[in-house]
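Source file structure-v1.tsv; content: TSV, C-alpha atoms and all ligand atoms.
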chain	number	residue	atom	x	y	z
A	25	MET	CA	-38.09	-61.87	25.37
A	26	ALA	CA	-36.24	-64.94	26.68
A	27	ALA	CA	-32.43	-64.77	26.68
A	28	PRO	CA	-30.84	-66.83	23.89
A	29	PRO	CA	-29.55	-70.21	25.12
A	30	VAL	CA	-25.89	-70.28	26.13
A	31	PRO	CA	-23.93	-72.33	23.57
A	32	PRO	CA	-22.12	-75.37	25.01
A	33	TRP	CA	-18.74	-74.05	23.83
A	34	ARG	CA	-19.00	-71.16	26.28
A	35	PHE	CA	-17.26	-73.61	28.65
A	36	ALA	CA	-15.46	-76.66	27.28
A	37	VAL	CA	-13.42	-79.38	28.96
A	38	ALA	CA	-10.23	-79.77	26.92
A	39	PRO	CA	-9.37	-82.88	24.92
A	40	MET	CA	-6.83	-84.87	26.94
A	41	MET	CA	-5.22	-88.08	25.81
A	42	ASP	CA	-5.68	-90.95	28.30
A	43	ARG	CA	-8.03	-88.77	30.37
A	44	THR	CA	-11.13	-87.56	28.52
A	45	ASP	CA	-12.29	-91.01	27.50
A	46	ARG	CA	-15.97	-91.99	27.72
A	47	HIS	CA	-15.76	-92.82	31.43
A	48	PHE	CA	-14.34	-89.46	32.42
A	49	ARG	CA	-16.88	-87.69	30.22
A	50	TRP	CA	-19.73	-89.66	31.80
A	51	PHE	CA	-18.32	-88.77	35.23
A	52	PHE	CA	-18.06	-85.07	34.39
A	53	ARG	CA	-21.68	-85.16	33.27
A	54	GLN	CA	-22.59	-85.93	36.87
A	55	LEU	CA	-21.29	-82.41	37.59
A	56	SER	CA	-22.28	-80.48	34.47
A	57	ARG	CA	-24.81	-81.07	31.72
A	58	GLY	CA	-24.01	-77.84	29.91
A	59	ALA	CA	-20.28	-77.98	29.17
A	60	LEU	CA	-18.97	-79.06	25.78
A	61	LEU	CA	-16.90	-82.22	26.19
A	62	TYR	CA	-14.26	-83.59	23.84
A	63	THR	CA	-12.73	-86.89	22.87
A	64	PRO	CA	-8.94	-86.97	23.07
A	65	MET	CA	-7.31	-86.56	19.67
A	66	VAL	CA	-8.13	-89.47	17.33
A	67	ALA	CA	-6.06	-89.97	14.17
A	68	ALA	CA	-8.19	-89.37	11.08
A	69	ALA	CA	-6.43	-92.28	9.40
A	70	ALA	CA	-7.49	-94.66	12.21
A	71	ILE	CA	-11.13	-93.65	11.79
A	72	VAL	CA	-11.03	-94.07	8.05
A	73	ALA	CA	-9.35	-97.48	8.43
A	74	GLY	CA	-12.11	-98.56	10.85
A	75	ARG	CA	-9.68	-98.88	13.77
A	76	ALA	CA	-11.22	-96.25	16.05
A	77	GLY	CA	-14.48	-97.88	17.10
A	78	ALA	CA	-13.75	-97.73	20.85
A	79	ALA	CA	-12.52	-94.12	20.63
A	80	LEU	CA	-15.80	-93.06	19.00
A	81	ALA	CA	-18.10	-94.89	21.42
A	82	TYR	CA	-20.05	-92.80	23.93
A	83	ASP	CA	-23.23	-92.72	26.02
A	84	ALA	CA	-26.01	-90.30	25.10
A	85	ILE	CA	-25.56	-88.38	28.38
A	86	GLU	CA	-22.08	-87.27	27.21
A	87	GLN	CA	-23.62	-84.94	24.65
A	88	PRO	CA	-22.90	-82.20	23.66
A	89	LEU	CA	-19.72	-83.94	22.58
A	90	ALA	CA	-17.01	-82.92	20.11
A	91	LEU	CA	-14.57	-85.15	18.26
A	92	GLN	CA	-10.99	-83.98	17.91
A	93	LEU	CA	-9.07	-85.19	14.88
A	94	GLY	CA	-5.36	-85.40	14.22
A	95	GLY	CA	-4.02	-85.40	10.68
A	96	ASN	CA	-2.97	-83.19	7.80
A	97	ASP	CA	-4.54	-84.83	4.74
A	98	PRO	CA	-7.69	-82.99	3.60
A	99	ARG	CA	-9.24	-86.11	2.09
A	100	LEU	CA	-8.69	-88.28	5.17
A	101	LEU	CA	-9.82	-85.49	7.49
A	102	ALA	CA	-12.95	-84.93	5.41
A	103	ALA	CA	-13.83	-88.64	5.57
A	104	ALA	CA	-13.11	-88.84	9.30
A	105	ALA	CA	-15.13	-85.67	9.98
A	106	ARG	CA	-18.04	-87.15	8.07
A	107	ALA	CA	-17.81	-90.37	10.07
A	108	GLY	CA	-17.75	-88.31	13.27
A	109	ALA	CA	-20.82	-86.31	12.29
A	110	ASP	CA	-22.60	-89.54	11.31
A	111	ALA	CA	-21.73	-90.95	14.74
A	112	GLY	CA	-23.47	-87.97	16.37
A	113	PHE	CA	-20.60	-85.67	17.39
A	114	VAL	CA	-21.84	-82.08	17.41
A	115	GLU	CA	-18.51	-80.48	16.45
A	116	ILE	CA	-15.32	-81.67	14.80
A	117	ASP	CA	-12.02	-80.10	15.83
A	118	LEU	CA	-8.69	-80.22	14.06
A	119	ASN	CA	-5.67	-80.43	16.38
A	120	CYS	CA	-3.05	-77.84	15.46
A	121	GLY	CA	-1.46	-77.62	18.91
A	122	CYS	CA	-0.01	-81.03	19.73
A	123	PRO	CA	3.77	-80.60	20.28
A	124	SER	CA	4.67	-84.31	20.49
A	125	PRO	CA	7.72	-85.41	18.51
A	126	ALA	CA	5.57	-87.99	16.68
A	127	ALA	CA	3.09	-85.33	15.56
A	128	ALA	CA	5.87	-82.91	14.58
A	129	HIS	CA	7.61	-85.67	12.63
A	130	SER	CA	4.39	-86.46	10.73
A	131	GLN	CA	3.77	-82.75	10.04
A	132	TRP	CA	0.58	-82.47	12.05
A	133	GLY	CA	-0.42	-81.04	15.41
A	134	ALA	CA	1.47	-77.82	16.23
A	135	ARG	CA	3.67	-78.24	13.17
A	136	LEU	CA	0.63	-77.21	11.12
A	137	MET	CA	0.76	-73.69	12.53
A	138	ASP	CA	3.55	-73.11	10.02
A	139	GLN	CA	1.25	-74.12	7.18
A	140	PRO	CA	-1.91	-71.99	7.31
A	141	GLN	CA	-2.81	-72.76	3.70
A	142	ARG	CA	-2.64	-76.47	4.34
A	143	VAL	CA	-4.82	-76.10	7.43
A	144	ALA	CA	-7.28	-74.00	5.43
A	145	GLU	CA	-7.53	-76.81	2.85
A	146	CYS	CA	-8.15	-79.32	5.62
A	147	VAL	CA	-10.82	-77.16	7.26
A	148	ALA	CA	-12.56	-76.46	3.95
A	149	ALA	CA	-12.66	-80.18	3.14
A	150	MET	CA	-14.02	-81.02	6.60
A	151	VAL	CA	-16.66	-78.29	6.41
A	152	ALA	CA	-17.76	-79.46	2.97
A	153	SER	CA	-18.10	-83.06	4.08
A	154	CYS	CA	-19.54	-83.12	7.57
A	155	GLY	CA	-22.40	-80.64	8.04
A	156	VAL	CA	-21.52	-79.79	11.67
A	157	ASP	CA	-19.31	-77.02	13.06
A	158	VAL	CA	-15.59	-77.43	12.39
A	159	THR	CA	-13.12	-75.80	14.77
A	160	VAL	CA	-9.34	-75.56	15.11
A	161	LYS	CA	-7.46	-75.86	18.40
A	162	HIS	CA	-4.03	-74.30	18.20
A	163	ARG	CA	-1.32	-72.40	20.07
A	164	LEU	CA	0.08	-68.89	19.69
A	165	GLY	CA	2.54	-70.31	17.19
A	166	ILE	CA	5.73	-72.28	17.05
A	167	ALA	CA	8.44	-70.78	19.28
A	168	GLY	CA	10.46	-68.30	17.23
A	169	ARG	CA	7.58	-67.81	14.79
A	170	ASP	CA	4.92	-66.84	17.30
A	171	ASP	CA	4.45	-63.15	16.46
A	172	THR	CA	1.08	-61.44	16.26
A	173	ALA	CA	1.07	-61.13	12.47
A	174	SER	CA	1.62	-64.88	11.98
A	175	LEU	CA	-1.07	-65.71	14.53
A	176	HIS	CA	-3.56	-63.40	12.83
A	177	ALA	CA	-2.69	-64.79	9.40
A	178	PHE	CA	-3.28	-68.33	10.68
A	179	VAL	CA	-6.61	-67.48	12.27
A	180	ASP	CA	-7.76	-65.51	9.23
A	181	ALA	CA	-6.92	-68.42	6.93
A	182	VAL	CA	-8.90	-70.97	8.94
A	183	HIS	CA	-11.80	-68.57	9.41
A	184	ALA	CA	-11.97	-67.89	5.66
A	185	ALA	CA	-11.95	-71.66	5.09
A	186	GLY	CA	-15.10	-72.01	7.17
A	187	ALA	CA	-14.00	-72.70	10.76
A	188	ALA	CA	-16.83	-71.82	13.13
A	189	ARG	CA	-14.51	-71.08	16.07
A	190	VAL	CA	-10.92	-71.44	17.20
A	191	ILE	CA	-9.55	-72.52	20.57
A	192	VAL	CA	-6.24	-70.89	21.44
A	193	HIS	CA	-3.86	-72.40	23.98
A	194	ALA	CA	-2.05	-69.29	25.20
A	195	ARG	CA	1.47	-70.66	24.74
A	196	ALA	CA	3.87	-71.16	21.86
A	197	ALA	CA	4.86	-74.76	21.06
A	198	VAL	CA	8.53	-75.66	21.43
A	199	LEU	CA	9.17	-78.35	18.87
A	200	GLY	CA	12.31	-80.40	19.37
A	201	GLY	CA	13.69	-80.56	22.88
A	202	LEU	CA	10.51	-80.30	24.95
A	203	GLY	CA	8.05	-83.15	25.37
A	204	PRO	CA	4.26	-82.63	25.51
A	205	ALA	CA	4.06	-82.33	29.33
A	206	ALA	CA	6.88	-79.76	29.47
A	207	ASN	CA	5.22	-77.94	26.57
A	208	ARG	CA	2.22	-77.36	28.84
A	209	ARG	CA	4.41	-75.95	31.59
A	210	VAL	CA	7.61	-74.35	30.29
A	211	PRO	CA	6.57	-71.93	27.52
A	212	PRO	CA	5.09	-68.93	29.34
A	213	LEU	CA	1.35	-68.33	29.34
A	214	ARG	CA	0.51	-65.24	27.28
A	215	ALA	CA	-3.17	-64.84	28.05
A	216	ALA	CA	-3.25	-61.18	26.99
A	217	GLU	CA	-2.40	-62.17	23.41
A	218	VAL	CA	-5.45	-64.42	23.17
A	219	HIS	CA	-7.64	-61.62	24.50
A	220	ALA	CA	-6.06	-59.16	22.06
A	221	LEU	CA	-6.86	-61.61	19.26
A	222	ALA	CA	-10.48	-61.81	20.44
A	223	ARG	CA	-10.68	-58.03	20.33
A	224	ALA	CA	-9.06	-57.87	16.89
A	225	ARG	CA	-11.32	-60.56	15.40
A	226	PRO	CA	-14.78	-59.94	16.90
A	227	GLN	CA	-16.53	-61.85	14.11
A	228	LEU	CA	-14.82	-65.15	15.00
A	229	PRO	CA	-15.70	-66.72	18.37
A	230	ILE	CA	-12.47	-67.54	20.21
A	231	LEU	CA	-12.11	-69.88	23.19
A	232	TYR	CA	-9.35	-69.10	25.66
A	233	ASN	CA	-7.31	-72.09	26.88
A	234	GLY	CA	-4.38	-72.47	29.25
A	235	GLY	CA	-3.72	-72.37	32.98
A	236	VAL	CA	-7.28	-71.83	34.20
A	237	ARG	CA	-7.45	-73.24	37.75
A	238	SER	CA	-10.95	-72.46	38.98
A	239	LEU	CA	-14.46	-71.58	37.90
A	240	ALA	CA	-13.87	-67.98	38.95
A	241	GLU	CA	-10.76	-67.79	36.76
A	242	ALA	CA	-12.69	-69.31	33.86
A	243	CYS	CA	-15.41	-66.69	34.25
A	244	ALA	CA	-12.82	-63.90	34.32
A	245	HIS	CA	-11.85	-64.82	30.74
A	246	LEU	CA	-15.50	-64.45	29.71
A	247	SER	CA	-15.99	-60.91	30.97
A	248	GLY	CA	-14.62	-57.45	30.32
A	249	PRO	CA	-13.85	-55.57	27.10
A	250	ASP	CA	-11.37	-58.22	25.90
A	251	ALA	CA	-13.54	-61.20	26.83
A	252	THR	CA	-13.27	-64.35	24.79
A	253	ALA	CA	-16.50	-65.99	23.59
A	254	GLY	CA	-15.69	-69.20	25.43
A	255	VAL	CA	-13.18	-70.82	27.72
A	256	MET	CA	-11.65	-74.30	27.70
A	257	VAL	CA	-10.27	-75.93	30.84
A	258	GLY	CA	-8.11	-79.05	30.89
A	259	ARG	CA	-6.05	-80.14	33.88
A	260	ALA	CA	-8.03	-78.30	36.57
A	261	ALA	CA	-11.29	-79.91	35.43
A	262	TYR	CA	-9.66	-83.32	35.66
A	263	ASP	CA	-7.65	-82.85	38.85
A	264	ASP	CA	-10.28	-80.93	40.85
A	265	PRO	CA	-13.65	-81.54	39.16
A	266	TRP	CA	-15.67	-80.64	42.26
A	267	ALA	CA	-14.38	-77.07	41.90
A	268	PHE	CA	-16.64	-76.88	38.83
A	269	ARG	CA	-19.84	-78.17	40.49
A	270	GLU	CA	-21.52	-74.75	40.12
A	271	LEU	CA	-20.58	-74.47	36.47
A	272	ASP	CA	-24.07	-75.10	35.12
A	273	ARG	CA	-25.60	-72.45	37.36
A	274	VAL	CA	-22.87	-69.86	36.80
A	275	VAL	CA	-22.26	-70.29	33.06
A	276	PHE	CA	-25.35	-72.01	31.66
A	277	ALA	CA	-28.08	-70.58	33.93
A	278	ARG	CA	-29.34	-74.05	34.80
A	279	GLU	CA	-29.50	-76.20	37.90
A	280	PRO	CA	-26.35	-78.33	38.37
A	281	PRO	CA	-27.03	-82.07	38.53
A	282	ALA	CA	-24.78	-83.03	41.45
A	283	GLY	CA	-25.94	-83.34	45.06
A	284	ASP	CA	-22.81	-84.16	47.02
A	285	ARG	CA	-19.56	-85.99	46.42
A	286	ALA	CA	-20.79	-89.25	47.91
A	287	GLU	CA	-23.77	-89.30	45.54
A	288	VAL	CA	-21.49	-88.77	42.56
A	289	ALA	CA	-19.11	-91.46	43.81
A	290	ARG	CA	-21.97	-93.93	44.28
A	291	ALA	CA	-23.10	-93.29	40.72
A	292	VAL	CA	-19.55	-93.92	39.49
A	293	ILE	CA	-19.36	-97.16	41.47
A	294	GLU	CA	-22.67	-98.32	40.01
A	295	ARG	CA	-21.35	-97.63	36.55
A	296	ALA	CA	-18.14	-99.51	37.33
A	297	ARG	CA	-20.20	-102.50	38.46
A	298	ALA	CA	-22.26	-102.46	35.29
A	299	TRP	CA	-19.11	-102.08	33.21
A	300	GLN	CA	-17.56	-105.06	34.96
A	301	ARG	CA	-20.72	-107.16	34.46
A	302	ASP	CA	-20.32	-106.49	30.74
A	303	GLY	CA	-16.74	-107.77	30.86
A	304	GLY	CA	-14.96	-104.42	31.25
A	305	ASP	CA	-12.28	-103.36	33.72
A	306	PRO	CA	-13.94	-101.41	36.58
A	307	HIS	CA	-10.77	-99.45	37.19
A	308	ALA	CA	-11.24	-97.86	33.77
A	309	VAL	CA	-14.36	-96.23	35.26
A	310	THR	CA	-13.32	-95.46	38.85
A	311	ARG	CA	-9.87	-94.02	38.11
A	312	HIS	CA	-11.34	-90.82	36.72
A	313	CYS	CA	-13.26	-89.84	39.86
A	314	LEU	CA	-10.32	-89.79	42.27
A	315	GLY	CA	-9.99	-86.02	41.89
A	316	LEU	CA	-13.40	-85.58	43.56
A	317	TRP	CA	-11.70	-85.31	46.97
A	318	HIS	CA	-9.01	-82.89	45.87
A	319	GLY	CA	-7.88	-80.89	48.91
A	320	VAL	CA	-10.46	-82.39	51.26
A	321	PRO	CA	-9.60	-83.85	54.71
A	322	GLY	CA	-9.94	-87.63	54.48
A	323	ALA	CA	-9.27	-87.46	50.76
A	324	ARG	CA	-6.54	-90.02	50.79
A	325	ARG	CA	-8.76	-92.61	52.47
A	326	ALA	CA	-11.68	-91.95	50.18
A	327	ARG	CA	-9.45	-92.21	47.12
A	328	ALA	CA	-7.84	-95.40	48.35
A	329	THR	CA	-11.24	-96.95	48.99
A	330	VAL	CA	-12.55	-96.14	45.54
A	331	ALA	CA	-9.32	-97.30	43.95
A	332	ALA	CA	-9.41	-100.54	45.97
A	333	LEU	CA	-12.97	-101.24	44.88
A	334	ALA	CA	-11.74	-101.69	41.39
A	335	LEU	CA	-9.42	-104.45	42.51
A	336	ARG	CA	-12.07	-106.41	44.45
A	337	PRO	CA	-14.20	-108.44	42.15
A	338	GLY	CA	-17.89	-108.36	43.00
A	339	PHE	CA	-17.58	-105.02	44.81
A	340	ASP	CA	-18.09	-106.59	48.21
A	341	ALA	CA	-16.49	-103.48	49.73
A	342	ILE	CA	-19.18	-101.17	48.42
A	343	ALA	CA	-20.79	-100.55	51.80
A	344	ASP	CA	-17.43	-99.62	53.36
A	345	ALA	CA	-16.71	-97.34	50.50
A	346	VAL	CA	-19.91	-95.40	50.74
A	347	ALA	CA	-19.38	-94.97	54.48
A	348	VAL	CA	-15.97	-93.46	53.83
A	349	LEU	CA	-17.28	-91.36	50.98
A	350	ARG	CA	-19.75	-89.63	53.29
A	351	GLU	CA	-16.84	-88.32	55.34
A	352	PRO	CA	-15.86	-85.25	53.35
B	401	LIG	C1	-2.71	-85.54	29.74
B	401	LIG	C2	-3.02	-84.52	28.69
B	401	LIG	C3	-3.36	-84.94	27.41
B	401	LIG	C4	-3.66	-84.00	26.41
B	401	LIG	N1	-4.08	-84.44	25.18
B	401	LIG	C5	-4.51	-83.52	24.27
B	401	LIG	C6	-5.13	-83.92	23.06
B	401	LIG	O1	-5.36	-85.10	22.80
B	401	LIG	N2	-5.48	-82.94	22.18
B	401	LIG	C7	-5.28	-81.59	22.43
B	401	LIG	O2	-5.63	-80.74	21.62
B	401	LIG	N3	-4.72	-81.20	23.58
B	401	LIG	C8	-4.35	-82.11	24.50
B	401	LIG	N4	-3.87	-81.70	25.70
B	401	LIG	C9	-3.74	-80.23	25.96
B	401	LIG	C10	-5.02	-79.69	26.60
B	401	LIG	O3	-6.13	-79.85	25.74
B	401	LIG	C11	-4.88	-78.20	26.96
B	401	LIG	O4	-4.67	-77.47	25.78
B	401	LIG	C12	-3.71	-77.93	27.90
B	401	LIG	O5	-3.68	-78.88	28.96
B	401	LIG	C13	-3.79	-76.52	28.48
B	401	LIG	O6	-4.99	-76.33	29.20
B	401	LIG	P1	-5.02	-76.42	30.83
B	401	LIG	O7	-3.93	-75.52	31.33
B	401	LIG	O8	-6.40	-75.99	31.20
B	401	LIG	O9	-4.73	-77.85	31.18
B	401	LIG	C14	-3.57	-82.61	26.70
B	401	LIG	C15	-3.23	-82.20	28.00
B	401	LIG	C16	-2.97	-83.14	29.00
B	401	LIG	C17	-2.65	-82.66	30.40

Please express what this file holds, its structure, as structure tokens.
Amino acid sequence: MAAPPVPPWRFAVAPMMDRTDRHFRWFFRQLSRGALLYTPMVAAAAIVAGRAGAALAYDAIEQPLALQLGGNDPRLLAAAARAGADAGFVEIDLNCGCPSPAAAHSQWGARLMDQPQRVAECVAAMVASCGVDVTVKHRLGIAGRDDTASLHAFVDAVHAAGAARVIVHARAAVLGGLGPAANRRVPPLRAAEVHALARARPQLPILYNGGVRSLAEACAHLSGPDATAGVMVGRAAYDDPWAFRELDRVVFAREPPAGDRAEVARAVIERARAWQRDGGDPHAVTRHCLGLWHGVPGARRARATVAALALRPGFDAIADAVAVLREP
């Protein structure tokens, strides 16, 4: 009997504001067809008001693609989730981990970890309206109220409300005093607590998130007695994408699409040219591939060449660029 297909959420690239836009997602698809990709958080209210057209746009190759919503109003979230499902997103996630002062002030993002019943109402409304899987991305808790019992109560509430999976960033959120970037660095990583949760709640698939720096580290979260069902990687996938070039083979048992870095870079440049022909800014496309040369000799030159391309209308430097790109 053939093995069941590996679900895309076995390995996901994390939602990242200003990073995981359509151009980055298209770029990452040159390296992996299997991974689940995400939009950055989009406010449910913006979708419902018809102000999120650009944030919802994508190319077919970006699928499987999930939409992450921000908000705390069940009716708005239900309407936005429905719009997302209608637009073709395969999963809708509710952000319960964002520690930004704006989110905390508006009582959404990580602030919602204090309000499991409210989150359960939101999830139930989204599930009832959209017909695709609804998930919740959250943290271990809010600092000071990040004990195991509270975490389990939160997860149980969203599971009972119909969440298909949860994604747990293995840190508490410090609200007030620490900005979002520091909140991804300062609160200690507590990976063991996510794995203990996975063991305690075997009926709910849990994705581990936080501090994964390589494909090998990602795979380590997926094996052993305390394995999580999936893993989500953010900064490492953006900063050093080539480190994940074997992802499809290792995680999804399929042939990876990429040949070499130069081939990927040429594809990005072609896309940037097409984007520019349609009136777009080519830098919006090329900026996301600069991590391709992470740690490689000649990286600085290759990066500078690709970055410069974006500033030279007509791409008359394309031949030079490709010559440099062959170097690594
Ligand atoms: C620039 C940036 C923007 C982010 N934006 C979002 C976001 O929109 N929604 C969200 O849930 N998390 C966001 N995150 C958090 C990541 O999804 C992830 O949880 C975090 O970076 C930890 O994973 P990592 O250590 O693999 O990067 C962002 C992270 C970064 C670095």

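Between atom CA of A:His318 and atom CA of A:Leu239 there is a distance of 14.9 Å.
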
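Neighbouring residues of stretch 205-212 of chain A at 9 Å or closer, counting only C-alpha atoms and skipping chain neighbours under 4 positions away, are A:Pro123, A:Ser124, A:Ala167, A:Ala194, A:Arg195, A:Ala196, A:Ala197, A:Val198, A:Leu199, A:Gly234, A:Gly235.
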
Problem set entry | Point (-15.2, -63.9, 15.6), cut-off 12 Å, counting all atoms listed in the file, residues as a PyMOL selection string | chain A and resi 176+179-180+182-184+186-191+219+221-231+251-254

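In this comparison, which uses all atoms listed in the file, the residue of A:Ala104, A:Val192, A:Leu89, A:Met41 approaching A:Ala70 most closely is A:Ala104.
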
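Picture a line from atom CA of A:Arg259 to atom CA of A:Thr63; it runs 14.5 Å.
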
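Closest approach to ligand LIG 401 (chain B) among A:Gly168, A:Gly58, A:Pro32, A:Gly203: A:Gly203, based on all atoms listed in the file.
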
Exercise. Contacts of stretch 148-162 of chain A at 7 Å or less, counting only C-alpha atoms, minus same-chain residues fewer than 3 places along, as a list in words?
Worked result: Pro98, Arg99, Leu101, Ala102, Ala105, Arg106, Ala109, Val114, Glu115, Ile116, Asp117, Leu118, Asn119, Cys120, Gly121, Ala134, Ala144, Glu145, Ala185, Gly186, Ala187, Ala188, Arg189, Val190, Ile191, Val192 and His193 of chain A

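Candidate residues A:Ala26, A:Ala84, A:Ala267, A:Ala128 were compared for distance to A:Gly319, and the nearest is A:Ala267, using all atoms listed in the file.
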
Selection: 10 Å around stretch 35-37 of chain A, all atoms listed in the file, excl. self and same-chain fewer than 2 positions, as an mmCIF file with C-alpha atoms, keeping the file's coordinate frame:
data_model
loop_
_atom_site.group_PDB
_atom_site.id
_atom_site.type_symbol
_atom_site.label_atom_id
_atom_site.label_comp_id
_atom_site.auth_asym_id
_atom_site.auth_seq_id
_atom_site.Cartn_x
_atom_site.Cartn_y
_atom_site.Cartn_z
ATOM 1 C CA VAL A 30 -25.890 -70.280 26.130
ATOM 2 C CA PRO A 31 -23.930 -72.330 23.570
ATOM 3 C CA PRO A 32 -22.120 -75.370 25.010
ATOM 4 C CA TRP A 33 -18.740 -74.050 23.830
ATOM 5 C CA PRO A 39 -9.370 -82.880 24.920
ATOM 6 C CA MET A 40 -6.830 -84.870 26.940
ATOM 7 C CA THR A 44 -11.130 -87.560 28.520
ATOM 8 C CA ARG A 49 -16.880 -87.690 30.220
ATOM 9 C CA PHE A 52 -18.060 -85.070 34.390
ATOM 10 C CA GLY A 58 -24.010 -77.840 29.910
ATOM 11 C CA ALA A 59 -20.280 -77.980 29.170
ATOM 12 C CA LEU A 60 -18.970 -79.060 25.780
ATOM 13 C CA LEU A 61 -16.900 -82.220 26.190
ATOM 14 C CA TYR A 62 -14.260 -83.590 23.840
ATOM 15 C CA THR A 63 -12.730 -86.890 22.870
ATOM 16 C CA PRO A 88 -22.900 -82.200 23.660
ATOM 17 C CA LEU A 89 -19.720 -83.940 22.580
ATOM 18 C CA ALA A 90 -17.010 -82.920 20.110
ATOM 19 C CA ILE A 191 -9.550 -72.520 20.570
ATOM 20 C CA LEU A 231 -12.110 -69.880 23.190
ATOM 21 C CA TYR A 232 -9.350 -69.100 25.660
ATOM 22 C CA ASN A 233 -7.310 -72.090 26.880
ATOM 23 C CA LEU A 239 -14.460 -71.580 37.900
ATOM 24 C CA ALA A 242 -12.690 -69.310 33.860
ATOM 25 C CA CYS A 243 -15.410 -66.690 34.250
ATOM 26 C CA LEU A 246 -15.500 -64.450 29.710
ATOM 27 C CA ALA A 253 -16.500 -65.990 23.590
ATOM 28 C CA GLY A 254 -15.690 -69.200 25.430
ATOM 29 C CA VAL A 255 -13.180 -70.820 27.720
ATOM 30 C CA MET A 256 -11.650 -74.300 27.700
ATOM 31 C CA VAL A 257 -10.270 -75.930 30.840
ATOM 32 C CA GLY A 258 -8.110 -79.050 30.890
ATOM 33 C CA ARG A 259 -6.050 -80.140 33.880
ATOM 34 C CA ALA A 260 -8.030 -78.300 36.570
ATOM 35 C CA ALA A 261 -11.290 -79.910 35.430
ATOM 36 C CA TYR A 262 -9.660 -83.320 35.660
ATOM 37 C CA LEU A 271 -20.580 -74.470 36.470
ATOM 38 C CA ASP A 272 -24.070 -75.100 35.120
ATOM 39 C CA VAL A 275 -22.260 -70.290 33.060
ATOM 40 C CA PHE A 276 -25.350 -72.010 31.660
#

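Put simply, atom CA of A:Ala69 is 27.7 Å away from atom CA of A:Ala177.
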
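Each of A:Gly112, A:Gly95, A:Pro29, A:Pro204 was checked against ligand LIG 401 (chain B) using only C-alpha atoms and all ligand atoms; the smallest atom-to-atom distance is that of A:Pro204.
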
Seminar exercise, completed: Among A:Leu100, A:Asp45, A:Arg57, A:Ala328, A:Arg273 is approached most closely, using all atoms listed in the file, by A:Arg57

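Closest approach to ligand LIG 401 (chain B) among A:Ala282, A:Leu164, A:Val143, A:Val236: A:Val236, based on all atoms listed in the file.
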
Centre, x/y/z edge lengths, axis-aligned box for stretch 308-322 of chain A with 3 Å per side, as AutoDock Vina command-line options:
--center_x -11.1 --center_y -89.4 --center_z 44.2 --size_x 12.5 --size_y 23.0 --size_z 26.9
